[in-house]
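Below: target13.txt (compact mmCIF, C-alpha atoms and all ligand atoms)
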```
# COMPACT_ATOMS: atom_id res chain seq x y z
CA MET Y 15 14.80 -3.95 -11.80
CA THR Y 16 14.34 -1.00 -14.19
CA LEU Y 17 12.47 1.79 -12.50
CA PRO Y 18 10.26 4.29 -14.34
CA ALA Y 19 11.16 8.00 -14.18
CA THR Y 20 7.67 9.08 -13.15
CA MET Y 21 4.76 7.67 -11.18
CA ARG Y 22 1.17 8.39 -10.15
CA ALA Y 23 0.95 10.11 -6.77
CA VAL Y 24 -1.47 12.27 -4.76
CA ARG Y 25 -0.74 15.85 -3.72
CA ALA Y 26 -2.87 18.51 -2.06
CA VAL Y 27 -4.02 20.87 -4.82
CA ASP Y 28 -6.55 23.66 -4.13
CA GLN Y 29 -7.37 22.05 -0.76
CA LYS Y 30 -8.21 18.70 -2.35
CA PRO Y 31 -6.32 15.38 -2.80
CA VAL Y 32 -5.44 15.24 -6.52
CA LEU Y 33 -3.78 12.50 -8.58
CA VAL Y 34 -0.66 13.93 -10.28
CA GLU Y 35 2.39 12.72 -12.16
CA ALA Y 36 5.50 12.91 -9.93
CA GLU Y 37 9.14 11.89 -10.15
CA VAL Y 38 10.02 8.47 -8.71
CA PRO Y 39 12.10 9.29 -5.60
CA GLN Y 40 15.59 7.89 -5.05
CA PRO Y 41 16.52 6.15 -1.77
CA GLY Y 42 19.31 7.84 0.16
CA PRO Y 43 21.71 6.17 2.61
CA GLY Y 44 19.84 3.88 5.01
CA GLU Y 45 16.64 4.11 2.96
CA VAL Y 46 14.75 1.69 0.71
CA LEU Y 47 12.49 2.41 -2.26
CA VAL Y 48 9.20 0.52 -1.98
CA LYS Y 49 6.88 -0.29 -4.90
CA VAL Y 50 3.62 0.48 -3.13
CA ARG Y 51 0.74 -2.04 -3.38
CA ALA Y 52 -1.58 -0.40 -0.84
CA THR Y 53 -1.71 2.60 1.47
CA ALA Y 54 -4.39 3.78 3.90
CA LEU Y 55 -6.04 6.96 5.09
CA ASN Y 56 -5.33 8.72 8.34
CA ARG Y 57 -7.28 11.70 9.65
CA ALA Y 58 -4.09 13.75 9.30
CA ASP Y 59 -4.23 13.22 5.51
CA LEU Y 60 -7.58 15.04 5.37
CA MET Y 61 -6.10 17.96 7.27
CA GLN Y 62 -2.99 17.97 5.05
CA ALA Y 63 -5.13 17.87 1.88
CA MET Y 64 -7.03 20.93 3.14
CA GLY Y 65 -3.74 22.76 3.77
CA LEU Y 66 -4.10 22.65 7.56
CA TYR Y 67 -1.26 20.22 8.39
CA PRO Y 68 1.97 20.78 6.45
CA PRO Y 69 4.41 17.82 6.29
CA PRO Y 70 7.37 18.02 8.69
CA LYS Y 71 10.64 19.49 7.36
CA GLY Y 72 12.33 17.16 4.88
CA ALA Y 73 9.25 14.94 4.37
CA SER Y 74 7.63 14.37 0.96
CA ASP Y 75 4.71 16.67 0.11
CA ILE Y 76 2.94 13.67 -1.40
CA LEU Y 77 0.16 12.55 0.96
CA GLY Y 78 0.24 9.27 2.87
CA LEU Y 79 1.68 8.08 6.19
CA GLU Y 80 1.80 4.31 5.69
CA LEU Y 81 2.03 1.64 3.02
CA ALA Y 82 2.69 -1.96 2.11
CA GLY Y 83 4.64 -3.11 -0.91
CA GLU Y 84 7.79 -4.70 -2.24
CA ILE Y 85 11.30 -3.31 -1.97
CA ALA Y 86 12.37 -2.11 -5.41
CA ALA Y 87 15.79 -0.56 -4.66
CA LEU Y 88 18.22 -0.14 -1.77
CA GLY Y 89 20.09 2.98 -0.68
CA ASP Y 90 23.70 2.81 0.50
CA GLY Y 91 24.33 0.91 3.71
CA VAL Y 92 21.00 -0.94 3.88
CA THR Y 93 21.61 -4.34 5.42
CA ARG Y 94 18.28 -5.57 6.71
CA TRP Y 95 16.34 -5.83 3.45
CA LYS Y 96 16.80 -7.05 -0.11
CA VAL Y 97 15.04 -6.20 -3.35
CA GLY Y 98 11.73 -8.11 -3.55
CA ASP Y 99 11.07 -8.25 0.22
CA ALA Y 100 7.45 -7.55 1.15
CA VAL Y 101 7.12 -4.91 3.88
CA CYS Y 102 4.67 -2.74 5.81
CA ALA Y 103 6.03 0.72 6.55
CA LEU Y 104 5.45 3.97 8.36
CA VAL Y 105 6.41 7.16 6.48
CA ALA Y 106 6.34 10.88 7.26
CA GLY Y 107 4.80 11.46 3.81
CA GLY Y 108 4.73 9.98 0.31
CA GLY Y 109 2.62 6.84 0.85
CA TYR Y 110 -0.13 7.75 -1.66
CA ALA Y 111 2.10 6.93 -4.64
CA GLU Y 112 3.38 4.07 -6.77
CA TYR Y 113 6.84 4.34 -5.21
CA CYS Y 114 7.89 5.67 -1.82
CA VAL Y 115 11.21 6.08 -0.02
CA VAL Y 116 11.28 4.67 3.54
CA PRO Y 117 14.01 4.63 6.22
CA GLU Y 118 14.93 0.93 6.56
CA GLY Y 119 14.11 0.95 10.28
CA SER Y 120 10.52 2.07 9.62
CA CYS Y 121 9.76 -1.14 7.70
CA LEU Y 122 8.41 -4.36 9.17
CA PRO Y 123 8.12 -7.64 7.28
CA LYS Y 124 4.65 -8.01 5.75
CA PRO Y 125 2.87 -10.84 7.58
CA ALA Y 126 2.29 -13.53 4.90
CA ASN Y 127 -1.30 -14.08 6.05
CA LEU Y 128 -2.33 -10.45 5.42
CA SER Y 129 -3.63 -9.24 2.05
CA TRP Y 130 -1.91 -6.19 0.56
CA GLU Y 131 -4.93 -4.12 1.61
CA GLN Y 132 -4.71 -5.28 5.23
CA ALA Y 133 -0.94 -4.83 5.27
CA GLY Y 134 -1.24 -1.30 3.86
CA ALA Y 135 -3.52 -0.41 6.77
CA ALA Y 136 -1.30 -1.79 9.53
CA ALA Y 137 1.73 0.41 10.19
CA GLU Y 138 0.37 3.76 11.39
CA ALA Y 139 -2.14 2.21 13.80
CA PHE Y 140 0.21 -0.40 15.27
CA PHE Y 141 3.12 2.07 15.65
CA THR Y 142 0.86 4.72 17.24
CA VAL Y 143 -0.94 2.36 19.58
CA TRP Y 144 2.20 0.57 20.76
CA THR Y 145 4.28 3.69 21.33
CA ASN Y 146 1.53 5.38 23.33
CA VAL Y 147 -0.01 2.53 25.31
CA SER Y 148 2.92 0.14 25.85
CA ASP Y 149 5.82 2.59 25.84
CA ARG Y 150 4.62 5.99 27.06
CA ALA Y 151 1.72 4.92 29.30
CA ARG Y 152 3.48 1.66 30.27
CA LEU Y 153 0.40 -0.58 30.43
CA LYS Y 154 1.45 -3.46 32.67
CA GLU Y 155 0.25 -7.04 32.91
CA GLY Y 156 -3.16 -7.25 34.59
CA GLU Y 157 -3.95 -3.54 34.10
CA THR Y 158 -7.14 -2.23 32.51
CA LEU Y 159 -7.31 0.02 29.43
CA LEU Y 160 -9.94 2.46 28.11
CA VAL Y 161 -9.69 3.23 24.37
CA HIS Y 162 -11.73 6.16 23.05
CA GLY Y 163 -12.87 6.01 19.43
CA GLY Y 164 -12.91 2.20 19.48
CA ALA Y 165 -14.20 1.85 15.93
CA SER Y 166 -11.44 4.03 14.42
CA GLY Y 167 -8.36 2.62 12.72
CA ILE Y 168 -6.44 3.32 15.91
CA GLY Y 169 -9.22 2.02 18.17
CA THR Y 170 -9.79 -1.29 16.37
CA THR Y 171 -6.06 -1.96 16.59
CA ALA Y 172 -5.76 -1.02 20.27
CA ILE Y 173 -8.75 -3.13 21.33
CA GLN Y 174 -7.49 -6.21 19.50
CA LEU Y 175 -3.86 -5.90 20.56
CA TYR Y 176 -4.45 -5.39 24.27
CA ALA Y 177 -7.42 -7.80 24.56
CA ALA Y 178 -5.23 -10.45 22.90
CA ARG Y 179 -2.46 -9.64 25.39
CA GLY Y 180 -4.88 -10.38 28.23
CA HIS Y 181 -6.01 -6.90 29.28
CA LYS Y 182 -9.59 -5.94 30.13
CA VAL Y 183 -10.33 -3.28 27.48
CA PHE Y 184 -13.10 -0.69 27.78
CA THR Y 185 -13.92 1.43 24.76
CA THR Y 186 -16.22 4.17 23.50
CA ALA Y 187 -17.91 4.26 20.09
CA GLY Y 188 -20.85 6.03 18.50
CA GLY Y 189 -23.93 3.88 17.85
CA PRO Y 190 -24.94 0.22 18.20
CA GLU Y 191 -23.16 -1.06 15.06
CA LYS Y 192 -19.79 0.35 16.09
CA VAL Y 193 -20.32 -0.86 19.66
CA ALA Y 194 -21.02 -4.37 18.32
CA LEU Y 195 -17.84 -4.28 16.21
CA CYS Y 196 -15.76 -3.30 19.26
CA ARG Y 197 -17.25 -6.18 21.27
CA LYS Y 198 -16.45 -8.58 18.43
CA LEU Y 199 -12.84 -7.36 18.42
CA GLY Y 200 -12.48 -8.28 22.10
CA ALA Y 201 -13.60 -5.25 24.12
CA PHE Y 202 -14.81 -6.29 27.58
CA ARG Y 203 -17.30 -3.37 27.57
CA ALA Y 204 -18.03 -1.11 24.60
CA ILE Y 205 -19.76 2.09 25.67
CA ASP Y 206 -22.05 3.93 23.26
CA TYR Y 207 -20.91 7.48 23.97
CA LYS Y 208 -24.06 8.84 22.32
CA SER Y 209 -26.34 7.27 24.94
CA GLU Y 210 -24.10 6.33 27.90
CA ASP Y 211 -21.77 8.19 30.24
CA PHE Y 212 -18.39 6.46 30.08
CA VAL Y 213 -17.27 7.71 33.52
CA SER Y 214 -20.25 6.04 35.24
CA VAL Y 215 -19.89 2.82 33.24
CA VAL Y 216 -16.16 2.52 33.95
CA LYS Y 217 -16.70 3.22 37.65
CA ALA Y 218 -19.56 0.69 37.88
CA GLU Y 219 -17.63 -2.01 36.01
CA THR Y 220 -14.44 -1.59 38.08
CA GLY Y 221 -16.09 -1.44 41.50
CA GLY Y 222 -15.38 2.30 41.70
CA ARG Y 223 -11.63 1.87 41.12
CA GLY Y 224 -11.33 3.24 37.56
CA VAL Y 225 -9.00 2.15 34.74
CA ASP Y 226 -5.20 2.17 34.73
CA VAL Y 227 -4.57 3.60 31.26
CA ILE Y 228 -6.63 5.65 28.79
CA LEU Y 229 -5.79 6.13 25.09
CA ASP Y 230 -7.63 9.31 24.06
CA MET Y 231 -8.08 11.05 20.72
CA ILE Y 232 -11.02 13.27 21.74
CA GLY Y 233 -9.83 15.86 24.28
CA GLY Y 234 -12.32 18.67 25.06
CA ASP Y 235 -14.63 17.64 27.91
CA TYR Y 236 -13.05 14.14 27.86
CA VAL Y 237 -9.92 15.57 29.54
CA GLN Y 238 -11.72 16.03 32.88
CA LYS Y 239 -13.80 12.86 32.38
CA ASN Y 240 -10.61 10.87 31.78
CA ILE Y 241 -9.10 12.23 35.00
CA ASP Y 242 -12.28 11.17 36.80
CA SER Y 243 -12.17 7.67 35.23
CA LEU Y 244 -8.57 6.85 36.13
CA ALA Y 245 -7.51 4.65 39.03
CA LEU Y 246 -4.80 5.66 41.50
CA GLU Y 247 -1.46 6.05 39.61
CA GLY Y 248 -3.40 5.98 36.30
CA ARG Y 249 -2.05 7.34 33.00
CA VAL Y 250 -3.88 9.05 30.16
CA VAL Y 251 -2.18 9.51 26.80
CA ASN Y 252 -3.63 11.78 24.12
CA ILE Y 253 -2.92 11.32 20.43
CA ALA Y 254 -5.39 13.98 19.26
CA TYR Y 255 -7.77 16.62 20.62
CA GLN Y 256 -10.65 16.32 18.15
CA ASN Y 257 -13.00 18.17 20.53
CA GLY Y 258 -10.50 20.84 21.56
CA ALA Y 259 -7.12 21.30 23.24
CA ASN Y 260 -8.02 24.33 25.38
CA VAL Y 261 -9.79 23.09 28.48
CA THR Y 262 -10.32 23.89 32.15
CA VAL Y 263 -9.61 20.94 34.44
CA ASN Y 264 -9.41 20.19 38.16
CA LEU Y 265 -5.73 19.38 38.68
CA LEU Y 266 -6.30 18.60 42.35
CA THR Y 267 -7.63 15.19 41.31
CA VAL Y 268 -4.47 14.63 39.24
CA MET Y 269 -2.37 15.29 42.33
CA LEU Y 270 -4.51 13.32 44.77
CA LYS Y 271 -4.72 10.25 42.50
CA ARG Y 272 -1.04 10.63 41.45
CA LEU Y 273 -2.00 10.58 37.75
CA SER Y 274 0.19 11.10 34.68
CA ILE Y 275 -1.06 13.14 31.73
CA LEU Y 276 0.82 12.27 28.55
CA ALA Y 277 0.53 13.05 24.84
CA SER Y 278 2.61 12.52 21.72
CA THR Y 279 2.84 12.60 17.97
CA LEU Y 280 4.66 10.10 15.81
CA ARG Y 281 5.18 11.80 12.45
CA ALA Y 282 8.00 14.18 13.34
CA ARG Y 283 10.08 11.65 15.29
CA THR Y 284 13.54 10.76 13.96
CA ALA Y 285 14.24 7.62 11.93
CA ALA Y 286 16.06 6.14 14.95
CA GLU Y 287 13.09 6.83 17.23
CA LYS Y 288 10.71 5.21 14.73
CA ALA Y 289 13.03 2.19 14.42
CA ALA Y 290 12.78 1.74 18.20
CA VAL Y 291 8.97 1.79 17.93
CA ALA Y 292 9.14 -0.71 15.04
CA ALA Y 293 11.17 -3.05 17.25
CA GLY Y 294 8.50 -2.86 19.96
CA VAL Y 295 5.71 -3.56 17.46
CA MET Y 296 7.72 -6.45 16.01
CA ARG Y 297 8.19 -7.97 19.46
CA ASP Y 298 4.78 -7.37 21.08
CA ALA Y 299 2.27 -7.20 18.21
CA TRP Y 300 3.60 -8.90 15.07
CA PRO Y 301 3.49 -12.49 16.46
CA LEU Y 302 -0.24 -11.97 17.15
CA VAL Y 303 -0.78 -10.69 13.60
CA GLU Y 304 1.32 -13.43 12.02
CA SER Y 305 -0.57 -16.13 13.91
CA GLY Y 306 -3.90 -14.71 12.70
CA LYS Y 307 -5.12 -13.82 16.21
CA ILE Y 308 -5.52 -10.16 15.30
CA ALA Y 309 -5.69 -8.29 11.97
CA PRO Y 310 -6.20 -4.75 10.69
CA VAL Y 311 -9.89 -3.98 10.21
CA VAL Y 312 -10.51 -2.75 6.66
CA ASP Y 313 -13.61 -0.59 6.21
CA SER Y 314 -13.37 -0.14 2.43
CA VAL Y 315 -10.90 -0.17 -0.47
CA PHE Y 316 -10.67 2.53 -3.18
CA PRO Y 317 -8.29 2.58 -6.16
CA LEU Y 318 -5.73 5.41 -5.94
CA ASP Y 319 -7.48 7.48 -8.62
CA ARG Y 320 -10.62 7.60 -6.42
CA VAL Y 321 -8.74 9.14 -3.50
CA ALA Y 322 -11.20 12.06 -3.26
CA GLU Y 323 -14.08 9.61 -2.66
CA ALA Y 324 -12.03 7.82 -0.01
CA HIS Y 325 -11.37 11.14 1.77
CA ALA Y 326 -15.06 12.02 1.53
CA ARG Y 327 -15.96 8.73 3.23
CA MET Y 328 -13.61 9.44 6.13
CA ALA Y 329 -14.99 12.98 6.44
CA THR Y 330 -18.51 11.59 7.01
CA GLY Y 331 -17.28 9.49 9.96
CA ALA Y 332 -19.40 6.55 8.76
CA HIS Y 333 -16.37 4.27 8.43
CA ALA Y 334 -15.24 1.65 10.95
CA GLY Y 335 -11.60 0.55 10.78
CA LYS Y 336 -9.28 1.65 7.99
CA ILE Y 337 -10.04 3.09 4.55
CA VAL Y 338 -7.50 1.67 2.10
CA LEU Y 339 -6.17 2.93 -1.24
CA SER Y 340 -5.19 0.13 -3.58
CA VAL Y 341 -2.18 1.22 -5.63
CA GLY Y 342 -1.27 -1.63 -7.95
N1 LIG T 401 -0.55 11.57 17.71
C1 LIG T 401 -0.29 10.63 16.83
O1 LIG T 401 0.85 10.18 16.69
C2 LIG T 401 -1.41 10.07 15.99
C3 LIG T 401 -1.15 9.05 15.06
C4 LIG T 401 -2.23 8.51 14.36
C5 LIG T 401 -3.52 9.02 14.54
N2 LIG T 401 -3.70 10.05 15.43
C6 LIG T 401 -5.05 10.60 15.66
O2 LIG T 401 -5.87 9.56 16.18
C7 LIG T 401 -7.21 9.76 15.79
C8 LIG T 401 -7.74 8.49 15.16
O3 LIG T 401 -7.14 8.33 13.91
P1 LIG T 401 -7.83 7.44 12.79
O4 LIG T 401 -7.02 7.59 11.57
O5 LIG T 401 -8.05 6.08 13.37
O6 LIG T 401 -9.17 8.28 12.55
P2 LIG T 401 -10.70 7.92 12.48
O7 LIG T 401 -10.86 6.51 11.98
O8 LIG T 401 -11.37 8.97 11.71
O9 LIG T 401 -11.14 8.03 13.98
C9 LIG T 401 -11.78 9.08 14.61
C10 LIG T 401 -12.64 8.44 15.69
O10 LIG T 401 -13.04 9.42 16.67
C11 LIG T 401 -14.21 8.91 17.24
N3 LIG T 401 -14.96 9.89 18.01
C12 LIG T 401 -15.38 11.13 17.63
N4 LIG T 401 -16.02 11.73 18.66
C13 LIG T 401 -16.01 10.87 19.70
C14 LIG T 401 -16.47 10.92 21.04
N5 LIG T 401 -17.10 11.99 21.53
N6 LIG T 401 -16.26 9.85 21.85
C15 LIG T 401 -15.62 8.76 21.40
N7 LIG T 401 -15.14 8.64 20.14
C16 LIG T 401 -15.34 9.67 19.29
C17 LIG T 401 -15.01 8.42 16.05
O11 LIG T 401 -15.89 7.48 16.57
P3 LIG T 401 -17.40 7.22 16.03
O12 LIG T 401 -17.27 7.04 14.54
O13 LIG T 401 -17.78 5.97 16.76
O14 LIG T 401 -18.20 8.43 16.39
C18 LIG T 401 -13.92 7.83 15.16
O15 LIG T 401 -13.86 6.42 15.32
C19 LIG T 401 -7.24 10.94 14.82
O16 LIG T 401 -7.68 12.08 15.52
C20 LIG T 401 -5.78 11.07 14.41
O17 LIG T 401 -5.44 12.38 14.07
C21 LIG T 401 -2.68 10.58 16.13
```

Spell out the structure here as structure tokens.
Amino acid sequence: MTLPATMRAVRAVDQKPVLVEAEVPQPGPGEVLVKVRATALNRADLMQAMGLYPPPKGASDILGLELAGEIAALGDGVTRWKVGDAVCALVAGGGYAEYCVVPEGSCLPKPANLSWEQAGAAAEAFFTVWTNVSDRARLKEGETLLVHGGASGIGTTAIQLYAARGHKVFTTAGGPEKVALCRKLGAFRAIDYKSEDFVSVVKAETGGRGVDVILDMIGGDYVQKNIDSLALEGRVVNIAYQNGANVTVNLLTVMLKRLSILASTLRARTAAEKAAVAAGVMRDAWPLVESGKIAPVVDSVFPLDRVAEAHARMATGAHAGKIVLSVG
């Protein structure tokens, strides 16, 4: 396949996402070059576009943390993939472009039943949800889960994955439409955080016991409320602190209930660490996607040159599920 020298890509310019002409990157050892068909927005992209979240050392300064497309070239030593394979992939940067370099271990085969748009919206949410809920918080068979932000890209994935795996999933979302979506995706109880107190609902629905695991992206006053909502030996894992990371909490409850407070980021992990997450997703989630039991929820699709409109939609918070950029 003859590759072009340049491509369309999106960089942060003057605190905005701007379509630019960039060089087509070359895959190094253990990497593949993917011709991108679709990518999707993550809240981190908005922060990076505004200059508030620089990419980790060595990562592309082109925006974009995930993609789906076809392998266009192989770096030295790649054994798992061949040119033409369709993949979904997690990247530390570079996804908002016509071509993107990906470590081979960060790719998963694109499920044949997913459209390019759905596939482009899959990697970041599935990797994040699996590594935090299954790996770090070790959700076990029969345990209950509370997912905050149930209508988000992350939330819609977590609800579906763990409901399909037989867990009772509680979730919070803002407003009746988002609550209804979460119920449709399999949530046992979707709590409208604008009109209900999730601590009371969780307590009432679990006979006062609380939930075993909480996936939280809110922080702020939710830190204490999460502690209060957990069952004995419960685990809370934070992937963001949208409402603040500086809080005062009662740690006595943490000690008395023998709780674990966890948190993590995905982007700066090594290629080997991401390959281990990919293997977990492949084992525990991909069969459910491939059989059509669960699927990424796509809110809207914008062509790459309308990236600023796509970012504006995410900034309003009106979206439910993933906002996708169609690349070609
Ligand atoms: N640490 C990591 O490795 C990692 C990886 C990926 C993503 N993340 C983080 O995970 C979060 C979700 O990412 P995303 O891309 O899916 O973003 P998103 O779609 O914009 O999700 C943000 C969600 O937060 C919800 N929310 C805001 N205030 C809330 C409250 N008081 N109670 C309950 N929910 C509330 C919103 O719900 P409503 O619209 O219903 O109000 C919205 O669904 C982001 O903060 C992102 O930075 C972290």

Worksheet item: How would you write, as a VMD selection string, the set of residues no farther than 7 Å from ligand LIG 401 (chain T) when counting all atoms listed in the file?
Response: chain Y and resid 55 to 58 138 to 139 142 162 to 169 186 to 189 192 207 231 to 232 253 to 256 278 to 281 328 331 to 336

Fill in: Polymer residues at most 12 Å from Asp211 (chain Y), all atoms listed in the file, same-chain spacing of 6 or more positions, as an MDAnalysis selection string
chainID Y and resid 185:188 204:205 217:218 236 239:240 242:243

Preceding selection exported with C-alpha atoms as a PDB file, in the coordinates of the input:
```pdb
ATOM      1  CA  THR Y 185     -13.920   1.430  24.760  1.00  0.00           C
ATOM      2  CA  THR Y 186     -16.220   4.170  23.500  1.00  0.00           C
ATOM      3  CA  ALA Y 187     -17.910   4.260  20.090  1.00  0.00           C
ATOM      4  CA  GLY Y 188     -20.850   6.030  18.500  1.00  0.00           C
ATOM      5  CA  ALA Y 204     -18.030  -1.110  24.600  1.00  0.00           C
ATOM      6  CA  ILE Y 205     -19.760   2.090  25.670  1.00  0.00           C
ATOM      7  CA  LYS Y 217     -16.700   3.220  37.650  1.00  0.00           C
ATOM      8  CA  ALA Y 218     -19.560   0.690  37.880  1.00  0.00           C
ATOM      9  CA  TYR Y 236     -13.050  14.140  27.860  1.00  0.00           C
ATOM     10  CA  LYS Y 239     -13.800  12.860  32.380  1.00  0.00           C
ATOM     11  CA  ASN Y 240     -10.610  10.870  31.780  1.00  0.00           C
ATOM     12  CA  ASP Y 242     -12.280  11.170  36.800  1.00  0.00           C
ATOM     13  CA  SER Y 243     -12.170   7.670  35.230  1.00  0.00           C
TER      14      SER Y 243
END
```

Worksheet entry | Which residue of Y:Ala322, Y:Ala309, Y:Ala259, Y:Val161 approaches Val143 (chain Y) most closely, using all atoms listed in the file | Y:Val161

Worksheet entry | Which residue of Y:Asn257, Y:Gln40, Y:Thr284, Y:Ser74 approaches Asp230 (chain Y) most closely, using all atoms listed in the file |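 Looking at the shortest contact to Asp230 (chain Y), the residue is Y:Asn257.
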
Fill in: Using all atoms listed in the file: which of Y:Ala36, Y:Ala137, Y:Gln62, Y:Gly248 has the shortest distance to Glu80 (chain Y)
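Answer, going by the shortest atom-to-atom distance: Y:Ala137.
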
Worksheet item: Expressed in Å to a single decimal, how great is the separation between CA of Ala26 (chain Y) and CA of Ala285 (chain Y)?
Response: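 Computed distance, CA of Ala26 (chain Y) to CA of Ala285 (chain Y), equals 24.6 Å.
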
Item to complete: Would you please work out which residue, of Y:Ser214, Y:Asn252, Y:Ser314, Y:Gln29, is nearest to Met64 (chain Y) when using all atoms listed in the file?
Response: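 Selected residue with least distance to Met64 (chain Y): Y:Gln29.
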
Practice prompt. Please identify all polymer residues within 9 Å of region 221-227 of chain Y, counting only C-alpha atoms, omitting same-chain residues fewer than 5 positions from it, and present them as a PyMOL selection string.
Written response: chain Y and resi 147+151-154+157-161+184+213-214+216+242-251

Worksheet item: Between CA of Asp59 (chain Y) and CA of Leu77 (chain Y), what is the distance, to one decimal in Å?
Response: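 Value for the CA of Asp59 (chain Y)-CA of Leu77 (chain Y) distance: 6.4 Å.
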
Practice prompt. Rank nothing, just name the residue among Y:Pro310, Y:Pro39, Y:Pro70, Y:Gly109 nearest to Pro18 (chain Y), using all atoms listed in the file.
Written response: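 The closest residue to Pro18 (chain Y) is Y:Pro39.
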
Worksheet item: CA of Pro43 (chain Y) and CA of Asp298 (chain Y) are how many Å apart?
Response: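 That distance, rounded to one decimal, is 28.5 Å.
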
Discussion item. Please list as number ranges by chain every residue within 6 Å of Glu112 (chain Y), counting all atoms listed in the file and excluding residues in the same chain fewer than 5 positions away.
Written reply: Y: 21-22, 49-50

Discussion item. Which residue is closest to Ala126 (chain Y)? Choose from Y:Val291, Y:Gly258, Y:Ala201, Y:Asp99 and count only C-alpha atoms.
Written reply: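 Closest to Ala126 (chain Y) of all the choices is Y:Asp99.
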